[in-house]
>>> print(open('work-v8.pdb').read())   # PDB, C-alpha atoms
ATOM      1  CA  LEU A  10     -25.116   7.688   5.094
ATOM      2  CA  SER A  11     -22.327   8.499   7.562
ATOM      3  CA  PRO A  12     -21.978  12.085   8.831
ATOM      4  CA  ALA A  13     -18.895  12.488   6.601
ATOM      5  CA  ALA A  14     -20.793  11.249   3.535
ATOM      6  CA  LEU A  15     -23.710  13.569   4.288
ATOM      7  CA  ALA A  16     -21.312  16.500   4.700
ATOM      8  CA  ALA A  17     -19.595  15.632   1.411
ATOM      9  CA  GLU A  18     -22.965  15.478  -0.344
ATOM     10  CA  CYS A  19     -23.920  18.887   1.049
ATOM     11  CA  LEU A  20     -20.536  20.530   0.368
ATOM     12  CA  SER A  21     -20.615  19.239  -3.210
ATOM     13  CA  THR A  22     -23.449  21.724  -3.830
ATOM     14  CA  TRP A  23     -21.121  24.611  -2.903
ATOM     15  CA  PRO A  24     -19.062  26.459  -5.507
ATOM     16  CA  LEU A  25     -15.429  25.324  -5.570
ATOM     17  CA  GLN A  26     -14.180  28.646  -4.181
ATOM     18  CA  ASP A  27     -16.427  28.279  -1.130
ATOM     19  CA  ARG A  28     -15.073  24.787  -0.431
ATOM     20  CA  ILE A  29     -11.517  26.068  -0.820
ATOM     21  CA  ALA A  30     -12.211  28.942   1.588
ATOM     22  CA  LEU A  31     -13.015  26.464   4.366
ATOM     23  CA  LEU A  32      -9.343  25.397   4.287
ATOM     24  CA  VAL A  33      -7.954  28.947   4.485
ATOM     25  CA  TRP A  34      -7.556  30.403   7.990
ATOM     26  CA  PRO A  35      -6.059  33.920   8.145
ATOM     27  CA  SER A  36      -5.089  35.668  11.346
ATOM     28  CA  VAL A  37      -7.352  38.467  12.534
ATOM     29  CA  TYR A  38      -6.451  41.413  14.726
ATOM     30  CA  ALA A  39      -8.478  43.470  17.180
ATOM     31  CA  ALA A  40      -6.811  46.626  15.858
ATOM     32  CA  ASP A  41      -8.379  46.023  12.431
ATOM     33  CA  TRP A  42     -11.622  44.287  13.258
ATOM     34  CA  ALA A  43     -13.451  45.820  10.305
ATOM     35  CA  GLU A  44     -11.033  44.005   7.987
ATOM     36  CA  ALA A  45     -11.573  40.781   9.930
ATOM     37  CA  ARG A  46     -15.354  41.006   9.499
ATOM     38  CA  GLN A  47     -14.969  41.880   5.828
ATOM     39  CA  VAL A  48     -12.695  38.911   5.075
ATOM     40  CA  VAL A  49     -15.061  36.509   6.831
ATOM     41  CA  ALA A  50     -18.077  37.988   5.002
ATOM     42  CA  ASP A  51     -16.460  38.202   1.564
ATOM     43  CA  TYR A  52     -14.669  34.861   1.440
ATOM     44  CA  GLY A  53     -16.429  32.600   3.940
ATOM     45  CA  VAL A  54     -13.141  31.319   5.357
ATOM     46  CA  GLY A  55     -13.519  28.210   7.512
ATOM     47  CA  GLY A  56     -11.567  29.626  10.415
ATOM     48  CA  VAL A  57      -9.555  32.556  11.713
ATOM     49  CA  ILE A  58      -6.571  32.767  14.042
ATOM     50  CA  LEU A  59      -7.336  35.305  16.765
ATOM     51  CA  MET A  60      -4.230  37.269  17.665
ATOM     52  CA  LYS A  61      -3.793  38.949  21.065
ATOM     53  CA  PRO A  62      -6.497  41.555  21.670
ATOM     54  CA  ASP A  63      -6.059  44.445  24.068
ATOM     55  CA  ASP A  64      -7.879  44.337  27.398
ATOM     56  CA  ALA A  65     -10.777  46.517  26.257
ATOM     57  CA  PHE A  66     -11.427  44.329  23.207
ATOM     58  CA  ALA A  67     -11.031  41.139  25.280
ATOM     59  CA  ALA A  68     -13.646  42.393  27.731
ATOM     60  CA  GLU A  69     -16.150  42.436  24.846
ATOM     61  CA  LEU A  70     -14.758  39.337  23.118
ATOM     62  CA  ALA A  71     -18.028  37.395  23.004
ATOM     63  CA  THR A  72     -19.736  40.285  21.210
ATOM     64  CA  HIS A  73     -16.912  40.623  18.702
ATOM     65  CA  LEU A  74     -16.706  36.896  17.928
ATOM     66  CA  THR A  75     -20.489  36.783  17.470
ATOM     67  CA  GLU A  76     -20.016  39.542  14.876
ATOM     68  CA  LEU A  77     -17.640  37.271  12.979
ATOM     69  CA  ASP A  78     -20.032  34.334  13.115
ATOM     70  CA  ASP A  79     -22.873  36.574  11.935
ATOM     71  CA  ALA A  80     -20.741  37.941   9.093
ATOM     72  CA  SER A  81     -19.978  34.445   7.807
ATOM     73  CA  PRO A  82     -22.297  32.682   5.359
ATOM     74  CA  HIS A  83     -21.854  29.426   7.328
ATOM     75  CA  GLY A  84     -20.170  30.174  10.638
ATOM     76  CA  VAL A  85     -16.449  30.420  11.279
ATOM     77  CA  LEU A  86     -14.117  28.542  13.628
ATOM     78  CA  VAL A  87     -12.086  30.805  15.915
ATOM     79  CA  ALA A  88      -8.657  29.426  16.843
ATOM     80  CA  THR A  89      -6.054  30.960  19.119
ATOM     81  CA  ASP A  90      -2.699  30.196  20.761
ATOM     82  CA  GLU A  91      -3.517  29.535  24.398
ATOM     83  CA  GLU A  92      -0.567  27.543  25.720
ATOM     84  CA  GLY A  93      -0.103  29.480  28.950
ATOM     85  CA  GLY A  94       2.883  31.471  30.146
ATOM     86  CA  GLN A  95       4.311  33.793  27.504
ATOM     87  CA  VAL A  96       2.251  32.308  24.668
ATOM     88  CA  GLN A  97      -1.305  33.072  25.673
ATOM     89  CA  ARG A  98      -3.439  35.380  23.521
ATOM     90  CA  LEU A  99      -6.365  35.598  25.933
ATOM     91  CA  ALA A 100      -4.503  36.223  29.183
ATOM     92  CA  ALA A 101      -6.865  39.169  29.722
ATOM     93  CA  LEU A 102      -9.592  36.584  30.424
ATOM     94  CA  GLY A 103      -7.472  34.705  32.980
ATOM     95  CA  THR A 104      -3.877  33.530  32.998
ATOM     96  CA  LEU A 105      -2.481  30.009  32.749
ATOM     97  CA  PRO A 106       1.034  29.024  33.875
ATOM     98  CA  SER A 107       3.451  27.907  31.167
ATOM     99  CA  GLN A 108       3.519  24.221  30.281
ATOM    100  CA  GLN A 109       6.965  24.008  31.863
ATOM    101  CA  ALA A 110       5.538  25.401  35.097
ATOM    102  CA  THR A 111       2.556  23.026  35.140
ATOM    103  CA  SER A 112       4.944  20.064  34.877
ATOM    104  CA  ALA A 113       5.693  20.561  38.587
ATOM    105  CA  MET A 114       2.012  20.745  39.572
ATOM    106  CA  ASP A 115      -0.493  18.050  40.500
ATOM    107  CA  PRO A 116      -2.133  16.832  37.242
ATOM    108  CA  THR A 117      -5.600  16.994  38.823
ATOM    109  CA  ASP A 118      -5.076  20.664  39.655
ATOM    110  CA  VAL A 119      -3.705  21.356  36.176
ATOM    111  CA  GLU A 120      -6.716  19.746  34.522
ATOM    112  CA  GLN A 121      -9.119  21.764  36.664
ATOM    113  CA  ASP A 122      -7.271  25.048  36.037
ATOM    114  CA  VAL A 123      -7.194  24.506  32.276
ATOM    115  CA  ALA A 124     -10.826  23.339  32.236
ATOM    116  CA  ASP A 125     -11.932  26.443  34.146
ATOM    117  CA  HIS A 126     -10.111  28.676  31.659
ATOM    118  CA  ALA A 127     -11.454  26.616  28.743
ATOM    119  CA  ALA A 128     -15.012  27.290  29.888
ATOM    120  CA  VAL A 129     -14.325  31.041  29.911
ATOM    121  CA  ILE A 130     -12.831  31.226  26.430
ATOM    122  CA  ALA A 131     -15.404  28.822  24.971
ATOM    123  CA  ALA A 132     -18.163  31.047  26.356
ATOM    124  CA  ALA A 133     -16.501  33.974  24.568
ATOM    125  CA  GLY A 134     -16.748  32.137  21.239
ATOM    126  CA  VAL A 135     -13.378  30.438  20.799
ATOM    127  CA  ASP A 136     -13.590  26.994  19.136
ATOM    128  CA  VAL A 137     -10.025  25.754  18.593
ATOM    129  CA  VAL A 138      -6.985  25.962  20.867
ATOM    130  CA  LEU A 139      -3.583  25.770  19.185
ATOM    131  CA  GLY A 140      -2.081  23.637  21.966
ATOM    132  CA  PRO A 141      -0.843  21.763  23.853
ATOM    133  CA  VAL A 142       2.758  21.791  22.676
ATOM    134  CA  VAL A 143       3.905  18.150  22.641
ATOM    135  CA  ASP A 144       7.474  18.775  21.516
ATOM    136  CA  VAL A 145       9.788  16.687  23.697
ATOM    137  CA  ARG A 146      12.915  18.173  25.242
ATOM    138  CA  PRO A 147      16.199  16.758  23.919
ATOM    139  CA  ALA A 148      17.100  13.408  25.469
ATOM    140  CA  ASP A 149      20.635  14.654  26.172
ATOM    141  CA  GLY A 150      19.332  17.462  28.393
ATOM    142  CA  SER A 151      20.372  20.290  26.056
ATOM    143  CA  SER A 152      18.055  23.280  25.720
ATOM    144  CA  ASP A 153      15.112  23.260  23.330
ATOM    145  CA  PRO A 154      15.033  25.856  20.508
ATOM    146  CA  LEU A 155      11.639  27.322  21.428
ATOM    147  CA  GLY A 156      12.386  28.400  24.997
ATOM    148  CA  GLN A 157       9.829  30.612  26.826
ATOM    149  CA  GLY A 158       8.821  27.646  28.999
ATOM    150  CA  ARG A 159       6.661  26.325  26.174
ATOM    151  CA  LEU A 160       7.604  22.646  26.573
ATOM    152  CA  PHE A 161       6.600  20.234  29.319
ATOM    153  CA  GLU A 162       9.404  18.890  31.472
ATOM    154  CA  GLY A 163      10.314  15.215  31.277
ATOM    155  CA  ASP A 164      10.772  12.467  28.738
ATOM    156  CA  ALA A 165       8.501  11.540  25.840
ATOM    157  CA  GLN A 166       6.125   9.491  27.987
ATOM    158  CA  ALA A 167       5.854  12.283  30.553
ATOM    159  CA  VAL A 168       5.008  14.731  27.766
ATOM    160  CA  ALA A 169       2.312  12.389  26.408
ATOM    161  CA  ASP A 170       0.784  12.023  29.870
ATOM    162  CA  GLN A 171       0.785  15.767  30.581
ATOM    163  CA  ALA A 172      -0.598  16.579  27.136
ATOM    164  CA  ALA A 173      -3.471  14.157  27.719
ATOM    165  CA  VAL A 174      -4.460  16.219  30.759
ATOM    166  CA  TYR A 175      -4.650  19.401  28.650
ATOM    167  CA  VAL A 176      -6.534  17.651  25.850
ATOM    168  CA  ARG A 177      -9.202  16.418  28.266
ATOM    169  CA  ALA A 178      -9.509  19.839  29.864
ATOM    170  CA  TRP A 179      -9.969  21.704  26.570
ATOM    171  CA  GLN A 180     -12.415  19.111  25.314
ATOM    172  CA  ARG A 181     -14.549  19.391  28.458
ATOM    173  CA  ALA A 182     -15.506  22.869  27.227
ATOM    174  CA  GLY A 183     -16.178  21.667  23.682
ATOM    175  CA  LEU A 184     -12.913  23.104  22.338
ATOM    176  CA  LEU A 185     -10.780  21.352  19.731
ATOM    177  CA  PRO A 186      -7.178  20.991  21.007
ATOM    178  CA  THR A 187      -4.308  20.989  18.504
ATOM    179  CA  LEU A 188      -1.096  19.077  19.189
ATOM    180  CA  LYS A 189       2.014  20.840  17.892
ATOM    181  CA  HIS A 190       4.559  20.943  16.293
ATOM    182  CA  PHE A 191       4.662  17.668  14.351
ATOM    183  CA  PRO A 192       7.047  15.905  13.651
ATOM    184  CA  GLY A 193       8.727  17.348  16.768
ATOM    185  CA  HIS A 194      10.446  20.676  17.454
ATOM    186  CA  GLY A 195      12.133  19.801  20.750
ATOM    187  CA  SER A 196      15.541  18.791  19.371
ATOM    188  CA  ALA A 197      15.447  20.907  16.198
ATOM    189  CA  THR A 198      18.401  23.051  15.201
ATOM    190  CA  LEU A 199      16.610  26.414  15.509
ATOM    191  CA  ASP A 200      13.266  28.144  15.975
ATOM    192  CA  THR A 201      11.275  27.815  12.715
ATOM    193  CA  HIS A 202      10.260  31.480  12.955
ATOM    194  CA  ASP A 203      13.870  32.164  11.980
ATOM    195  CA  GLY A 204      14.490  29.537   9.303
ATOM    196  CA  LEU A 205      14.053  25.935   8.242
ATOM    197  CA  ALA A 206      15.027  23.794  11.232
ATOM    198  CA  GLN A 207      16.385  20.272  11.022
ATOM    199  CA  THR A 208      15.374  17.557  13.458
ATOM    200  CA  PRO A 209      17.283  14.395  14.349
ATOM    201  CA  PRO A 210      16.866  11.563  11.808
ATOM    202  CA  LEU A 211      13.504   9.820  11.406
ATOM    203  CA  ASP A 212      14.500   6.706  13.355
ATOM    204  CA  GLU A 213      15.362   8.831  16.392
ATOM    205  CA  LEU A 214      12.021  10.673  16.199
ATOM    206  CA  ARG A 215      10.139   7.363  16.175
ATOM    207  CA  GLY A 216      11.454   6.438  19.617
ATOM    208  CA  TRP A 217      11.161   9.929  21.151
ATOM    209  CA  ASP A 218       9.281  12.789  19.490
ATOM    210  CA  PHE A 219       6.514  10.609  18.033
ATOM    211  CA  VAL A 220       5.516   9.088  21.400
ATOM    212  CA  PRO A 221       2.895  11.750  22.281
ATOM    213  CA  TYR A 222       1.398  11.548  18.777
ATOM    214  CA  ARG A 223       1.185   7.771  18.905
ATOM    215  CA  GLN A 224      -0.447   7.789  22.334
ATOM    216  CA  LEU A 225      -2.940  10.576  21.615
ATOM    217  CA  ALA A 226      -3.968   9.439  18.125
ATOM    218  CA  ALA A 227      -7.459   8.498  19.326
ATOM    219  CA  SER A 228      -7.929  11.685  21.377
ATOM    220  CA  GLY A 229      -9.995  13.603  18.833
ATOM    221  CA  SER A 230      -7.463  16.441  18.692
ATOM    222  CA  ALA A 231      -6.169  18.240  15.618
ATOM    223  CA  VAL A 232      -2.461  18.370  14.684
ATOM    224  CA  MET A 233      -0.286  21.297  13.568
ATOM    225  CA  VAL A 234       2.616  20.435  11.256
ATOM    226  CA  GLY A 235       5.776  22.495  11.642
ATOM    227  CA  HIS A 236       8.366  23.787   9.181
ATOM    228  CA  LEU A 237      10.819  21.050  10.155
ATOM    229  CA  ASP A 238      13.170  19.116   7.890
ATOM    230  CA  VAL A 239      13.458  15.479   8.975
ATOM    231  CA  PRO A 240      16.439  13.577   7.528
ATOM    232  CA  GLY A 241      15.112  10.399   6.000
ATOM    233  CA  LEU A 242      11.573  11.737   5.605
ATOM    234  CA  THR A 243      11.075  15.207   4.139
ATOM    235  CA  ASP A 244      13.776  15.428   1.423
ATOM    236  CA  GLY A 245      15.322  18.638   2.702
ATOM    237  CA  GLY A 246      12.064  20.625   2.795
ATOM    238  CA  PRO A 247       9.674  21.340   5.663
ATOM    239  CA  ALA A 248       7.222  18.728   6.941
ATOM    240  CA  SER A 249       4.447  21.290   6.385
ATOM    241  CA  ARG A 250       4.593  20.509   2.679
ATOM    242  CA  SER A 251       5.861  16.914   2.797
ATOM    243  CA  ALA A 252       3.421  14.237   1.624
ATOM    244  CA  ALA A 253       5.619  11.619   3.313
ATOM    245  CA  ALA A 254       5.370  13.405   6.682
ATOM    246  CA  VAL A 255       1.588  13.818   6.481
ATOM    247  CA  ALA A 256       1.158  10.188   5.375
ATOM    248  CA  LEU A 257       3.293   9.022   8.311
ATOM    249  CA  LEU A 258       1.115  11.039  10.704
ATOM    250  CA  ARG A 259      -2.158   9.772   9.272
ATOM    251  CA  LYS A 260      -1.216   6.138   8.607
ATOM    252  CA  GLU A 261       1.675   5.006  10.792
ATOM    253  CA  LEU A 262       0.777   7.113  13.830
ATOM    254  CA  GLY A 263      -2.990   6.661  13.513
ATOM    255  CA  TRP A 264      -4.288  10.184  12.807
ATOM    256  CA  GLY A 265      -6.172   9.056   9.668
ATOM    257  CA  ASP A 266      -9.158  11.411   9.622
ATOM    258  CA  ALA A 267      -7.903  14.107  11.999
ATOM    259  CA  LEU A 268      -7.905  17.779  11.062
ATOM    260  CA  VAL A 269      -4.297  18.607  10.134
ATOM    261  CA  MET A 270      -3.095  22.190   9.761
ATOM    262  CA  THR A 271       0.136  24.002   8.987
ATOM    263  CA  ASP A 272       2.047  26.250  11.296
ATOM    264  CA  ALA A 273       1.922  29.862  10.069
ATOM    265  CA  LEU A 274       3.059  30.052   6.451
ATOM    266  CA  GLY A 275       4.836  33.390   6.774
ATOM    267  CA  MET A 276       7.535  31.985   9.058
ATOM    268  CA  GLY A 277      11.221  31.878   8.164
ATOM    269  CA  GLY A 278      11.203  28.093   7.831
ATOM    270  CA  VAL A 279       8.815  28.150   4.866
ATOM    271  CA  GLY A 280      11.075  29.517   2.146
ATOM    272  CA  MET A 281       8.401  30.488  -0.390
ATOM    273  CA  PRO A 282       5.545  32.993  -0.719
ATOM    274  CA  VAL A 283       2.469  32.218   1.386
ATOM    275  CA  PRO A 284       0.111  31.419  -1.542
ATOM    276  CA  ASP A 285       2.634  28.968  -3.033
ATOM    277  CA  ALA A 286       3.266  27.375   0.357
ATOM    278  CA  ALA A 287      -0.491  26.983   0.881
ATOM    279  CA  VAL A 288      -0.842  25.053  -2.376
ATOM    280  CA  ALA A 289       2.174  22.890  -1.534
ATOM    281  CA  ALA A 290       0.769  22.082   1.921
ATOM    282  CA  LEU A 291      -2.602  21.006   0.519
ATOM    283  CA  LEU A 292      -0.810  18.904  -2.110
ATOM    284  CA  ALA A 293       0.984  17.164   0.762
ATOM    285  CA  GLY A 294      -2.327  16.229   2.391
ATOM    286  CA  VAL A 295      -2.685  18.976   5.000
ATOM    287  CA  ASP A 296      -6.277  20.208   5.483
ATOM    288  CA  VAL A 297      -5.923  23.794   6.713
ATOM    289  CA  VAL A 298      -3.411  26.518   5.887
ATOM    290  CA  ILE A 299      -2.686  29.269   8.412
ATOM    291  CA  PHE A 300      -1.019  32.653   7.878
ATOM    292  CA  THR A 301      -0.653  35.877   9.817
ATOM    293  CA  ASP A 302      -1.365  38.531   7.143
ATOM    294  CA  THR A 303      -5.144  38.942   6.842
ATOM    295  CA  GLY A 304      -4.650  40.794   3.548
ATOM    296  CA  GLN A 305      -3.275  37.684   1.828
ATOM    297  CA  THR A 306      -6.574  35.787   2.085
ATOM    298  CA  ALA A 307      -7.714  36.437  -1.494
ATOM    299  CA  ALA A 308      -4.298  35.567  -2.946
ATOM    300  CA  VAL A 309      -4.212  32.260  -1.041
ATOM    301  CA  ILE A 310      -7.724  31.255  -2.138
ATOM    302  CA  ASP A 311      -6.932  32.249  -5.742
ATOM    303  CA  ALA A 312      -3.682  30.254  -5.772
ATOM    304  CA  ILE A 313      -5.455  27.122  -4.520
ATOM    305  CA  GLY A 314      -8.235  27.584  -7.089
ATOM    306  CA  ALA A 315      -5.668  27.974  -9.864
ATOM    307  CA  ALA A 316      -3.933  24.771  -8.727
ATOM    308  CA  VAL A 317      -7.244  22.890  -8.980
ATOM    309  CA  LEU A 318      -7.992  24.313 -12.434
ATOM    310  CA  ALA A 319      -4.477  23.364 -13.579
ATOM    311  CA  GLY A 320      -5.007  19.790 -12.405
ATOM    312  CA  ARG A 321      -2.337  19.942  -9.693
ATOM    313  CA  LEU A 322      -4.851  19.617  -6.858
ATOM    314  CA  SER A 323      -7.980  17.500  -7.197
ATOM    315  CA  GLU A 324     -11.453  18.614  -6.208
ATOM    316  CA  ALA A 325     -11.721  15.328  -4.275
ATOM    317  CA  GLU A 326      -8.763  16.341  -2.075
ATOM    318  CA  ILE A 327     -10.318  19.743  -1.442
ATOM    319  CA  LEU A 328     -13.617  18.069  -0.547
ATOM    320  CA  ASP A 329     -11.990  15.617   1.891
ATOM    321  CA  SER A 330     -10.385  18.487   3.788
ATOM    322  CA  ALA A 331     -13.536  20.617   3.621
ATOM    323  CA  VAL A 332     -15.492  17.736   5.201
ATOM    324  CA  ARG A 333     -13.044  17.707   8.128
ATOM    325  CA  VAL A 334     -13.483  21.444   8.675
ATOM    326  CA  GLU A 335     -17.265  21.133   8.312
ATOM    327  CA  ARG A 336     -17.253  18.367  10.953
ATOM    328  CA  GLU A 337     -15.859  20.888  13.459
ATOM    329  CA  LEU A 338     -18.272  23.616  12.360
ATOM    330  CA  ALA A 339     -21.222  21.239  12.694
ATOM    331  CA  ALA A 340     -20.106  20.175  16.161
ATOM    332  CA  ARG A 341     -20.286  23.831  17.171
ATOM    333  CA  GLY A 342     -23.743  24.560  15.793
ATOM    334  CA  HIS A 343     -23.033  25.234  12.115
ATOM    335  CA  PRO A 344     -24.159  22.202  10.088
ATOM    336  CA  CYS A 345     -23.655  22.356   6.325
ATOM    337  CA  VAL A 346     -26.469  24.020   4.385
ATOM    338  CA  PRO A 347     -26.708  23.137   0.653
ATOM    339  CA  MET A 348     -26.169  25.967  -1.819
ATOM    340  CA  GLY A 349     -27.781  26.512  -5.202
TER     341      GLY A 349
END
>>> encode(input="work-v8.pdb", output="structure tokens")
Amino acid sequence: LSPAALAAECLSTWPLQDRIALLVWPSVYAADWAEARQVVADYGVGGVILMKPDDAFAAELATHLTELDDASPHGVLVATDEEGGQVQRLAALGTLPSQQATSAMDPTDVEQDVADHAAVIAAAGVDVVLGPVVDVRPADGSSDPLGQGRLFEGDAQAVADQAAVYVRAWQRAGLLPTLKHFPGHGSATLDTHDGLAQTPPLDELRGWDFVPYRQLAASGSAVMVGHLDVPGLTDGGPASRSAAAVALLRKELGWGDALVMTDALGMGGVGMPVPDAAVAALLAGVDVVIFTDTGQTAAVIDAIGAAVLAGRLSEAEILDSAVRVERELAARGHPCVPMG
């Protein structure tokens, strides 16, 4: 049997709620670490999003993340935003320049700097990096909606090339990189924290924003799907719950069996409560749902379970996504153990 088939066989012995929990990744906060440990212990979530700890907590990060792993029935993946510049949760462990700043640097130096930092955060217990950002700046030279130096300089090919450097560097430390924000935030109408943003039409994205995704499809990275409305693709809603957008990513762009996750489901671009958005995202073919309120974990798991019981979501779809999460857990020392 293939590793995926063996994982599916093992996960099929788990209760449905435990399989669902692998797909549910809440944010956790140093200021309420007891809640973080409790959520991991009680629900067995597949991953957590580590938000910015203070310096004292960061100095003991390896100890704290081991506590989370120990609290989990099967290990937990720790993900964090580590782009560099203003979006870097673990700057206390060493700073990275912004992606815009590294665009002017020698790629060999960039790869070494990122790899050195990757080794530090991997040693502390981080597993997944929510980066690099592969949004491409507008072709007409206008400003991107994200700002903060988060985007590489240059055209779509330059972005693909620079992103490949980051991907290699993160992977050298055994970390899973995550390209974001598919289908492409660079020319969107606004920041999706504030509301649903619209991108240029699908045909324009194919020749510009999709280039990094097409070129890095075999990289072994994960992909984060944004709350972006694409004319001609997503029917006026966000890509994060569009079956057409996820199918395009997996089939046309070659990301077939990659781990695909949402951007945070509490953002302004979502337009519905987090538990409902989580169900809609899984229905669209996304594997992992992310949100910033730790306290919503039970409600999200319950909503997904109710959708399965109602026949809206199939157990087979849950299992496919659970296998993808388990693949990453197994690669980091947590192979599936049968239950029951």
>>> atom_distance(input="work-v8.pdb", atom1="CA of Leu185 (chain A)", atom2="CA of Val119 (chain A)")
17.9 Å
>>> residues_around(input="work-v8.pdb", residues="Ala71 (chain A)", least_positions_apart="3", cutoff="8 Å", atoms="all atoms listed in the file", output="list of chain:residue names")
A:Leu74, A:Thr75, A:Ala132, A:Ala133, A:Gly134
>>> resolve_selection(input="work-v8.pdb", expression="the PyMOL selection byres ((chain A and resi 40) around 10)", output="NGL selection string")
:A and (37-39 or 41-45 or 60-63 or 66)
>>> residues_around(input="work-v8.pdb", residues="Pro147 (chain A)", least_positions_apart="6", cutoff="10 Å", atoms="all atoms listed in the file", output="list of chain:residue names")
A:Asp153, A:Pro154, A:Gly163, A:Asp164, A:Ala165, A:His194, A:Gly195, A:Ser196, A:Ala197, A:Pro209, A:Trp217, A:Asp218
>>> write_last_selection(input="work-v8.pdb", atoms="C-alpha atoms", output="CSV table (one decimal), in the coordinates of the input")
chain,number,residue,atom,x,y,z
A,153,ASP,CA,15.1,23.3,23.3
A,154,PRO,CA,15.0,25.9,20.5
A,163,GLY,CA,10.3,15.2,31.3
A,164,ASP,CA,10.8,12.5,28.7
A,165,ALA,CA,8.5,11.5,25.8
A,194,HIS,CA,10.4,20.7,17.5
A,195,GLY,CA,12.1,19.8,20.8
A,196,SER,CA,15.5,18.8,19.4
A,197,ALA,CA,15.4,20.9,16.2
A,209,PRO,CA,17.3,14.4,14.3
A,217,TRP,CA,11.2,9.9,21.2
A,218,ASP,CA,9.3,12.8,19.5
>>> closest_residue(input="work-v8.pdb", among="A:Ala316, A:Leu262, A:Val85, A:Ala68", to="Ala286 (chain A)", atoms="all atoms listed in the file")
A:Ala316
>>> decode(input="work-v8.pdb", residues="region 214-225 of chain A", atoms="N, CA, C and O atoms", output="CSV table (one decimal), in the first residue's frame")
chain,number,residue,atom,x,y,z
A,214,LEU,N,-5.4,36.9,-14.5
A,214,LEU,CA,-4.6,36.2,-13.5
A,214,LEU,C,-3.8,35.1,-14.1
A,214,LEU,O,-2.7,34.8,-13.6
A,215,ARG,N,-4.3,34.4,-15.1
A,215,ARG,CA,-3.6,33.3,-15.7
A,215,ARG,C,-2.2,33.7,-16.2
A,215,ARG,O,-1.3,32.9,-16.1
A,216,GLY,N,-2.2,34.9,-16.8
A,216,GLY,CA,-0.9,35.3,-17.4
A,216,GLY,C,0.0,36.1,-16.4
A,216,GLY,O,1.1,36.4,-16.8
A,217,TRP,N,-0.4,36.3,-15.2
A,217,TRP,CA,0.3,37.1,-14.2
A,217,TRP,C,0.4,36.4,-12.8
A,217,TRP,O,1.4,35.8,-12.5
A,218,ASP,N,-0.7,36.5,-12.1
A,218,ASP,CA,-0.7,36.1,-10.7
A,218,ASP,C,-0.5,34.6,-10.6
A,218,ASP,O,-0.1,34.1,-9.5
A,219,PHE,N,-0.9,33.8,-11.6
A,219,PHE,CA,-0.8,32.3,-11.4
A,219,PHE,C,0.6,31.8,-11.7
A,219,PHE,O,0.9,30.7,-11.5
A,220,VAL,N,1.5,32.7,-12.3
A,220,VAL,CA,2.8,32.2,-12.7
A,220,VAL,C,3.6,31.5,-11.5
A,220,VAL,O,4.1,30.4,-11.7
A,221,PRO,N,3.7,32.2,-10.3
A,221,PRO,CA,4.4,31.5,-9.3
A,221,PRO,C,3.8,30.1,-8.9
A,221,PRO,O,4.5,29.2,-8.6
A,222,TYR,N,2.5,30.1,-8.9
A,222,TYR,CA,1.8,28.8,-8.5
A,222,TYR,C,2.1,27.7,-9.6
A,222,TYR,O,2.4,26.5,-9.2
A,223,ARG,N,2.1,28.1,-10.8
A,223,ARG,CA,2.3,27.1,-11.9
A,223,ARG,C,3.8,26.6,-11.8
A,223,ARG,O,4.0,25.4,-11.9
A,224,GLN,N,4.7,27.5,-11.5
A,224,GLN,CA,6.1,27.1,-11.5
A,224,GLN,C,6.5,26.4,-10.2
A,224,GLN,O,7.5,25.6,-10.3
A,225,LEU,N,5.8,26.6,-9.2
A,225,LEU,CA,6.2,25.9,-7.9
A,225,LEU,C,5.3,24.8,-7.5
A,225,LEU,O,5.3,24.3,-6.4
